[in-house]
$ cat input_24.pdb   # PDB, C-alpha atoms
MODEL        1
ATOM      1  CA  MET A   1      96.035  73.258 119.589
ATOM      2  CA  PRO A   2      93.700  70.520 118.370
ATOM      3  CA  GLY A   3      94.556  69.012 115.000
ATOM      4  CA  GLN A   4      98.126  70.278 114.995
ATOM      5  CA  LEU A   5     101.556  68.808 115.408
ATOM      6  CA  LYS A   6     104.452  70.712 116.897
ATOM      7  CA  SER A   7     106.240  70.346 113.564
ATOM      8  CA  GLY A   8     103.977  72.965 112.025
ATOM      9  CA  LYS A   9     101.877  70.516 110.037
ATOM     10  CA  LEU A  10      98.249  69.578 110.457
ATOM     11  CA  LYS A  11      97.616  65.994 111.584
ATOM     12  CA  ALA A  12      95.045  65.222 108.921
ATOM     13  CA  LYS A  13      95.377  66.079 105.257
ATOM     14  CA  ALA A  14      92.920  68.581 103.851
ATOM     15  CA  ASN A  15      92.483  70.241 100.492
ATOM     16  CA  PHE A  16      92.878  73.993 100.923
ATOM     17  CA  SER A  17      93.375  74.770  97.209
ATOM     18  CA  LYS A  18      90.110  76.730  97.022
ATOM     19  CA  THR A  19      90.429  78.323 100.468
ATOM     20  CA  LYS A  20      90.849  82.099 100.660
ATOM     21  CA  ILE A  21      92.421  83.642 103.754
ATOM     22  CA  ALA A  22      92.963  87.313 104.491
ATOM     23  CA  ILE A  23      95.918  88.369 106.608
ATOM     24  CA  VAL A  24      95.457  91.799 108.172
ATOM     25  CA  VAL A  25      98.816  93.184 109.266
ATOM     26  CA  ALA A  26      99.499  96.132 111.560
ATOM     27  CA  GLU A  27     102.183  98.470 110.242
ATOM     28  CA  TRP A  28     103.293  99.480 113.761
ATOM     29  CA  ASN A  29     106.419  97.480 114.766
ATOM     30  CA  GLU A  30     106.717  96.684 111.067
ATOM     31  CA  ALA A  31     109.901  94.605 111.180
ATOM     32  CA  ILE A  32     108.190  92.217 113.570
ATOM     33  CA  THR A  33     104.771  92.148 111.899
ATOM     34  CA  ASP A  34     106.383  91.619 108.485
ATOM     35  CA  ALA A  35     108.225  88.566 109.842
ATOM     36  CA  LEU A  36     104.992  87.232 111.334
ATOM     37  CA  TYR A  37     103.233  87.782 108.004
ATOM     38  CA  VAL A  38     105.922  85.845 106.125
ATOM     39  CA  GLY A  39     105.592  82.966 108.608
ATOM     40  CA  ALA A  40     101.813  82.879 108.141
ATOM     41  CA  LYS A  41     101.973  83.182 104.345
ATOM     42  CA  ASP A  42     104.648  80.500 103.967
ATOM     43  CA  CYS A  43     102.667  78.140 106.195
ATOM     44  CA  LEU A  44      99.484  78.655 104.171
ATOM     45  CA  LEU A  45     101.350  78.042 100.913
ATOM     46  CA  ALA A  46     102.911  74.878 102.357
ATOM     47  CA  HIS A  47      99.397  73.614 103.150
ATOM     48  CA  GLY A  48      98.149  74.073  99.597
ATOM     49  CA  LEU A  49      96.663  77.560  99.477
ATOM     50  CA  LYS A  50      97.195  79.326  96.184
ATOM     51  CA  LYS A  51      99.238  82.516  96.397
ATOM     52  CA  SER A  52      96.321  84.388  94.788
ATOM     53  CA  ASN A  53      94.044  83.205  97.634
ATOM     54  CA  ILE A  54      96.149  84.837 100.350
ATOM     55  CA  LEU A  55      95.055  88.450 100.703
ATOM     56  CA  LYS A  56      97.309  90.843 102.598
ATOM     57  CA  LYS A  57      95.770  94.037 103.930
ATOM     58  CA  SER A  58      97.628  96.562 106.060
ATOM     59  CA  VAL A  59      96.273  98.744 108.844
ATOM     60  CA  PRO A  60      98.168 101.489 110.708
ATOM     61  CA  GLY A  61      98.364  99.816 114.104
ATOM     62  CA  THR A  62      97.215  96.931 116.248
ATOM     63  CA  PHE A  63      94.094  98.796 117.431
ATOM     64  CA  GLU A  64      92.896  98.988 113.813
ATOM     65  CA  LEU A  65      93.145  95.209 113.357
ATOM     66  CA  THR A  66      89.583  94.798 114.623
ATOM     67  CA  LEU A  67      87.954  96.904 111.917
ATOM     68  CA  GLY A  68      90.295  95.656 109.195
ATOM     69  CA  SER A  69      89.510  92.076 110.205
ATOM     70  CA  LEU A  70      85.778  92.791 110.195
ATOM     71  CA  TRP A  71      85.938  94.263 106.692
ATOM     72  CA  MET A  72      87.770  91.198 105.414
ATOM     73  CA  ALA A  73      85.608  88.661 107.278
ATOM     74  CA  GLU A  74      82.466  90.250 105.845
ATOM     75  CA  LYS A  75      83.627  89.383 102.327
ATOM     76  CA  LYS A  76      81.693  86.323 101.140
ATOM     77  CA  ASP A  77      84.707  84.777  99.412
ATOM     78  CA  VAL A  78      87.023  85.031 102.451
ATOM     79  CA  ASP A  79      87.004  81.850 104.552
ATOM     80  CA  ALA A  80      89.143  83.039 107.477
ATOM     81  CA  VAL A  81      91.137  86.025 108.676
ATOM     82  CA  ILE A  82      94.456  86.181 110.494
ATOM     83  CA  ALA A  83      95.076  89.404 112.450
ATOM     84  CA  ILE A  84      98.786  90.099 112.912
ATOM     85  CA  GLY A  85     100.176  92.764 115.205
ATOM     86  CA  CYS A  86     102.697  93.452 117.924
ATOM     87  CA  VAL A  87     102.272  95.502 121.079
ATOM     88  CA  ILE A  88     105.373  96.103 123.175
ATOM     89  CA  GLN A  89     104.858  97.342 126.722
ATOM     90  CA  GLY A  90     106.085 100.845 127.400
ATOM     91  CA  ASP A  91     106.004 103.198 130.374
ATOM     92  CA  THR A  92     102.280 104.025 130.156
ATOM     93  CA  PRO A  93      99.075 101.983 130.452
ATOM     94  CA  HIS A  94      98.620 102.286 126.655
ATOM     95  CA  PHE A  95      99.781  98.657 126.358
ATOM     96  CA  ASP A  96      96.981  97.401 128.598
ATOM     97  CA  TYR A  97      94.262  99.341 126.781
ATOM     98  CA  ILE A  98      95.368  98.289 123.304
ATOM     99  CA  CYS A  99      95.824  94.619 124.228
ATOM    100  CA  GLN A 100      92.427  94.430 125.897
ATOM    101  CA  ALA A 101      90.645  96.303 123.099
ATOM    102  CA  VAL A 102      92.083  94.260 120.255
ATOM    103  CA  SER A 103      91.598  90.886 121.958
ATOM    104  CA  TYR A 104      87.983  91.755 122.717
ATOM    105  CA  GLY A 105      87.487  93.219 119.230
ATOM    106  CA  ILE A 106      88.836  90.166 117.409
ATOM    107  CA  THR A 107      86.589  87.934 119.524
ATOM    108  CA  GLU A 108      83.586  90.068 118.599
ATOM    109  CA  VAL A 109      84.433  89.886 114.887
ATOM    110  CA  THR A 110      84.637  86.103 115.108
ATOM    111  CA  ILE A 111      81.265  85.858 116.821
ATOM    112  CA  LYS A 112      79.586  88.400 114.539
ATOM    113  CA  THR A 113      80.782  86.878 111.254
ATOM    114  CA  LYS A 114      80.881  83.239 112.368
ATOM    115  CA  LYS A 115      84.222  82.880 110.608
ATOM    116  CA  PRO A 116      87.609  82.061 112.083
ATOM    117  CA  VAL A 117      89.404  85.306 112.909
ATOM    118  CA  VAL A 118      92.695  84.324 114.460
ATOM    119  CA  PHE A 119      94.493  86.431 117.066
ATOM    120  CA  GLY A 120      98.066  86.590 115.793
ATOM    121  CA  VAL A 121      99.074  89.513 117.986
ATOM    122  CA  LEU A 122     102.224  89.467 120.071
ATOM    123  CA  THR A 123     101.798  91.138 123.459
ATOM    124  CA  VAL A 124     105.304  91.321 124.850
ATOM    125  CA  LEU A 125     107.373  93.243 127.353
ATOM    126  CA  THR A 126     110.376  93.898 125.097
ATOM    127  CA  GLU A 127     111.365  94.045 121.460
ATOM    128  CA  ALA A 128     113.747  91.128 122.104
ATOM    129  CA  GLN A 129     110.786  88.969 123.185
ATOM    130  CA  ALA A 130     108.942  89.944 120.013
ATOM    131  CA  LEU A 131     111.895  89.016 117.813
ATOM    132  CA  GLU A 132     112.177  85.625 119.542
ATOM    133  CA  ARG A 133     108.552  84.957 118.512
ATOM    134  CA  ALA A 134     108.829  86.370 114.985
ATOM    135  CA  GLY A 135     111.203  83.775 113.592
ATOM    136  CA  GLY A 136     113.701  83.638 116.448
ATOM    137  CA  LYS A 137     114.426  80.903 118.957
ATOM    138  CA  LEU A 138     110.748  80.560 119.931
ATOM    139  CA  GLY A 139     109.577  80.056 116.352
ATOM    140  CA  ASN A 140     107.181  82.172 114.361
ATOM    141  CA  LYS A 141     103.799  82.934 115.895
ATOM    142  CA  GLY A 142     102.554  83.934 112.429
ATOM    143  CA  GLU A 143     102.956  80.320 111.377
ATOM    144  CA  GLU A 144     101.050  79.213 114.471
ATOM    145  CA  ALA A 145      98.235  81.633 113.635
ATOM    146  CA  ALA A 146      98.021  80.201 110.112
ATOM    147  CA  LEU A 147      97.832  76.649 111.484
ATOM    148  CA  THR A 148      95.078  77.753 113.847
ATOM    149  CA  ALA A 149      93.080  79.222 110.935
ATOM    150  CA  LEU A 150      93.452  76.005 108.943
ATOM    151  CA  SER A 151      92.491  73.883 111.941
ATOM    152  CA  MET A 152      89.366  75.953 112.482
ATOM    153  CA  LEU A 153      88.391  75.624 108.825
ATOM    154  CA  LYS A 154      88.544  71.835 109.213
ATOM    155  CA  PHE A 155      86.337  71.919 112.357
TER     156      PHE A 155
ENDMDL
END
$ encode --input "input_24.pdb" --output "structure tokens"
Amino acid sequence: MPGQLKSGKLKAKANFSKTKIAIVVAEWNEAITDALYVGAKDCLLAHGLKKSNILKKSVPGTFELTLGSLWMAEKKDVDAVIAIGCVIQGDTPHFDYICQAVSYGITEVTIKTKKPVVFGVLTVLTEAQALERAGGKLGNKGEEAALTALSMLKF
């Protein structure tokens, strides 16, 4: 992604001490979404955000991330939103519908509010794949979502 290094740090220094970011977290697949949240929060703190300027809001599932993200993005004092969820494919087409709806919904929230609303949703085939991306051997996609939000705020 532009402005980022693979090490998890932004290329250029920026002062994020007054930045406020909301992280909307789906409760479904909670062990995974909690790990993604921790990755995002720790990354934001490492880049100078104050703990009090990181707002965590929970929604029941990934489908509800769109409305939760809209509510947070509409707040005047929120600079960006990170939507965190995890959808694991099952035996029904539910996976396809949820993934399509939330990706479209998050895009619409971004366009409507003209604020960065970052898609931090894992769409995986197995729980093992999710765990690999929530702090496992493939890193933490929550951290990547936080870096994306910060990069967009510097745009």
$ closest_atom_pairs --input "input_24.pdb" --of "stretch 33-97 of chain A" --to "stretch 104-114 of chain A" --cutoff "7 Å" --atoms "only C-alpha atoms" --output "Markdown table"
| residue | atom | partner | partner_atom | distance |
| --- | --- | --- | --- | --- |
| A:Thr66 | CA | A:Gly105 | CA | 5.3 |
| A:Leu70 | CA | A:Val109 | CA | 5.7 |
| A:Ala73 | CA | A:Thr113 | CA | 6.5 |
| A:Glu74 | CA | A:Thr113 | CA | 6.6 |
$ write_last_selection --input "input_24.pdb" --atoms "C-alpha atoms" --output "tab-separated table (two decimals), in the coordinates of the input"
chain	number	residue	atom	x	y	z
A	66	THR	CA	89.58	94.80	114.62
A	70	LEU	CA	85.78	92.79	110.20
A	73	ALA	CA	85.61	88.66	107.28
A	74	GLU	CA	82.47	90.25	105.84
$ closest_residue --input "input_24.pdb" --among "A:Ile32, A:Val59, A:Ala134, A:Ile82" --to "A:Ala146" --atoms "all atoms listed in the file"
A:Ile82
$ resolve_selection --input "input_24.pdb" --expression "the PyMOL selection byres ((chain A and resi 143) around 8)" --output "JSON, numbers by chain"
{"A": [8, 36, 39, 40, 41, 42, 43, 140, 141, 142, 144, 145, 146, 147]}
$ resolve_selection --input "input_24.pdb" --expression "the PyMOL selection byres ((chain A and resi 121) around 10)" --output "PyMOL selection string"
chain A and resi 25-26+33+36+62+65+82-87+99+102-103+118-120+122-124+141-142+145
$ closest_residue --input "input_24.pdb" --among "A:Ala22, A:Val38, A:Ile88, A:Ile54" --to "A:Ala130" --atoms "all atoms listed in the file"
A:Ile88
$ closest_residue --input "input_24.pdb" --among "A:Ala31, A:Ile21, A:Ala101, A:Val117" --to "A:Leu45" --atoms "all atoms listed in the file"
A:Ile21
$ atom_distance --input "input_24.pdb" --atom1 "atom CA of A:Lys56" --atom2 "atom CA of A:Leu44"
12.5 Å
$ atom_distance --input "input_24.pdb" --atom1 "atom CA of A:Lys57" --atom2 "atom CA of A:Met72"
8.6 Å
$ closest_residue --input "input_24.pdb" --among "A:Glu27, A:Lys115, A:Lys137, A:Ile98" --to "A:Phe63" --atoms "all atoms listed in the file"
A:Ile98
$ closest_residue --input "input_24.pdb" --among "A:Lys50, A:Leu67, A:Gln129, A:Leu55" --to "A:Gln89" --atoms "all atoms listed in the file"
A:Gln129
$ atom_distance --input "input_24.pdb" --atom1 "atom CA of A:Leu138" --atom2 "atom CA of A:Ser52"
29.2 Å
$ closest_residue --input "input_24.pdb" --among "A:Leu131, A:Ala14, A:Leu150, A:Val81" --to "A:Ser69" --atoms "all atoms listed in the file"
A:Val81
$ axis_aligned_box --input "input_24.pdb" --around "stretch 42-60 of chain A" --padding-each-side "6 Å" --output "lines of an AutoDock Vina configuration file"
center_x = 99.3
center_y = 87.6
center_z = 102.7
size_x = 22.6
size_y = 39.9
size_z = 27.9
$ build_atoms --input "input_24.pdb" --residues "stretch 74-107 of chain A" --atoms "N, CA and C atoms" --output "compact mmCIF listing (two decimals), in the coordinates of the input"
# COMPACT_ATOMS: atom_id res chain seq x y z
N GLU A 74 83.78 90.03 106.45
CA GLU A 74 82.47 90.25 105.84
C GLU A 74 82.43 89.92 104.36
N LYS A 75 83.58 89.76 103.74
CA LYS A 75 83.63 89.38 102.33
C LYS A 75 83.19 87.92 102.19
N LYS A 76 82.25 87.67 101.30
CA LYS A 76 81.69 86.32 101.14
C LYS A 76 82.73 85.30 100.71
N ASP A 77 83.73 85.74 99.92
CA ASP A 77 84.71 84.78 99.41
C ASP A 77 85.90 84.55 100.34
N VAL A 78 85.94 85.23 101.48
CA VAL A 78 87.02 85.03 102.45
C VAL A 78 86.56 84.00 103.48
N ASP A 79 87.36 82.94 103.65
CA ASP A 79 87.00 81.85 104.55
C ASP A 79 87.47 82.08 105.98
N ALA A 80 88.58 82.79 106.15
CA ALA A 80 89.14 83.04 107.48
C ALA A 80 90.03 84.28 107.41
N VAL A 81 90.29 84.84 108.58
CA VAL A 81 91.14 86.02 108.68
C VAL A 81 92.18 85.76 109.75
N ILE A 82 93.40 86.22 109.49
CA ILE A 82 94.46 86.18 110.49
C ILE A 82 94.84 87.63 110.78
N ALA A 83 94.71 88.05 112.03
CA ALA A 83 95.08 89.40 112.45
C ALA A 83 96.47 89.36 113.06
N ILE A 84 97.39 90.11 112.47
CA ILE A 84 98.79 90.10 112.91
C ILE A 84 99.19 91.48 113.41
N GLY A 85 99.71 91.51 114.63
CA GLY A 85 100.18 92.76 115.20
C GLY A 85 101.21 92.49 116.29
N CYS A 86 101.72 93.57 116.84
CA CYS A 86 102.70 93.45 117.92
C CYS A 86 102.59 94.68 118.82
N VAL A 87 102.33 94.43 120.09
CA VAL A 87 102.27 95.50 121.08
C VAL A 87 103.38 95.25 122.10
N ILE A 88 104.26 96.22 122.23
CA ILE A 88 105.37 96.10 123.18
C ILE A 88 105.10 97.06 124.34
N GLN A 89 105.17 96.54 125.54
CA GLN A 89 104.86 97.34 126.72
C GLN A 89 105.82 98.51 126.84
N GLY A 90 105.27 99.65 127.17
CA GLY A 90 106.08 100.84 127.40
C GLY A 90 105.91 101.32 128.83
N ASP A 91 106.07 102.62 129.03
CA ASP A 91 106.00 103.20 130.37
C ASP A 91 104.60 103.66 130.77
N THR A 92 103.64 103.55 129.86
CA THR A 92 102.28 104.02 130.16
C THR A 92 101.30 102.86 130.07
N PRO A 93 100.07 103.05 130.53
CA PRO A 93 99.08 101.98 130.45
C PRO A 93 98.53 101.75 129.04
N HIS A 94 99.05 102.46 128.04
CA HIS A 94 98.62 102.29 126.66
C HIS A 94 98.62 100.81 126.25
N PHE A 95 99.64 100.09 126.64
CA PHE A 95 99.78 98.66 126.36
C PHE A 95 98.54 97.89 126.81
N ASP A 96 98.12 98.12 128.04
CA ASP A 96 96.98 97.40 128.60
C ASP A 96 95.70 97.69 127.82
N TYR A 97 95.48 98.96 127.50
CA TYR A 97 94.26 99.34 126.78
C TYR A 97 94.23 98.74 125.38
N ILE A 98 95.33 98.81 124.67
CA ILE A 98 95.37 98.29 123.30
C ILE A 98 95.20 96.77 123.31
N CYS A 99 95.92 96.09 124.18
CA CYS A 99 95.82 94.62 124.23
C CYS A 99 94.40 94.17 124.55
N GLN A 100 93.79 94.81 125.53
CA GLN A 100 92.43 94.43 125.90
C GLN A 100 91.45 94.74 124.76
N ALA A 101 91.57 95.91 124.16
CA ALA A 101 90.64 96.30 123.10
C ALA A 101 90.74 95.38 121.89
N VAL A 102 91.95 95.08 121.47
CA VAL A 102 92.08 94.26 120.26
C VAL A 102 91.69 92.81 120.52
N SER A 103 92.00 92.27 121.68
CA SER A 103 91.60 90.89 121.96
C SER A 103 90.07 90.78 122.03
N TYR A 104 89.44 91.73 122.66
CA TYR A 104 87.98 91.76 122.72
C TYR A 104 87.41 91.97 121.32
N GLY A 105 87.98 92.91 120.57
CA GLY A 105 87.49 93.22 119.23
C GLY A 105 87.57 92.04 118.28
N ILE A 106 88.68 91.33 118.29
CA ILE A 106 88.84 90.17 117.41
C ILE A 106 87.82 89.09 117.79
N THR A 107 87.60 88.90 119.08
CA THR A 107 86.59 87.93 119.52
C THR A 107 85.21 88.33 118.99
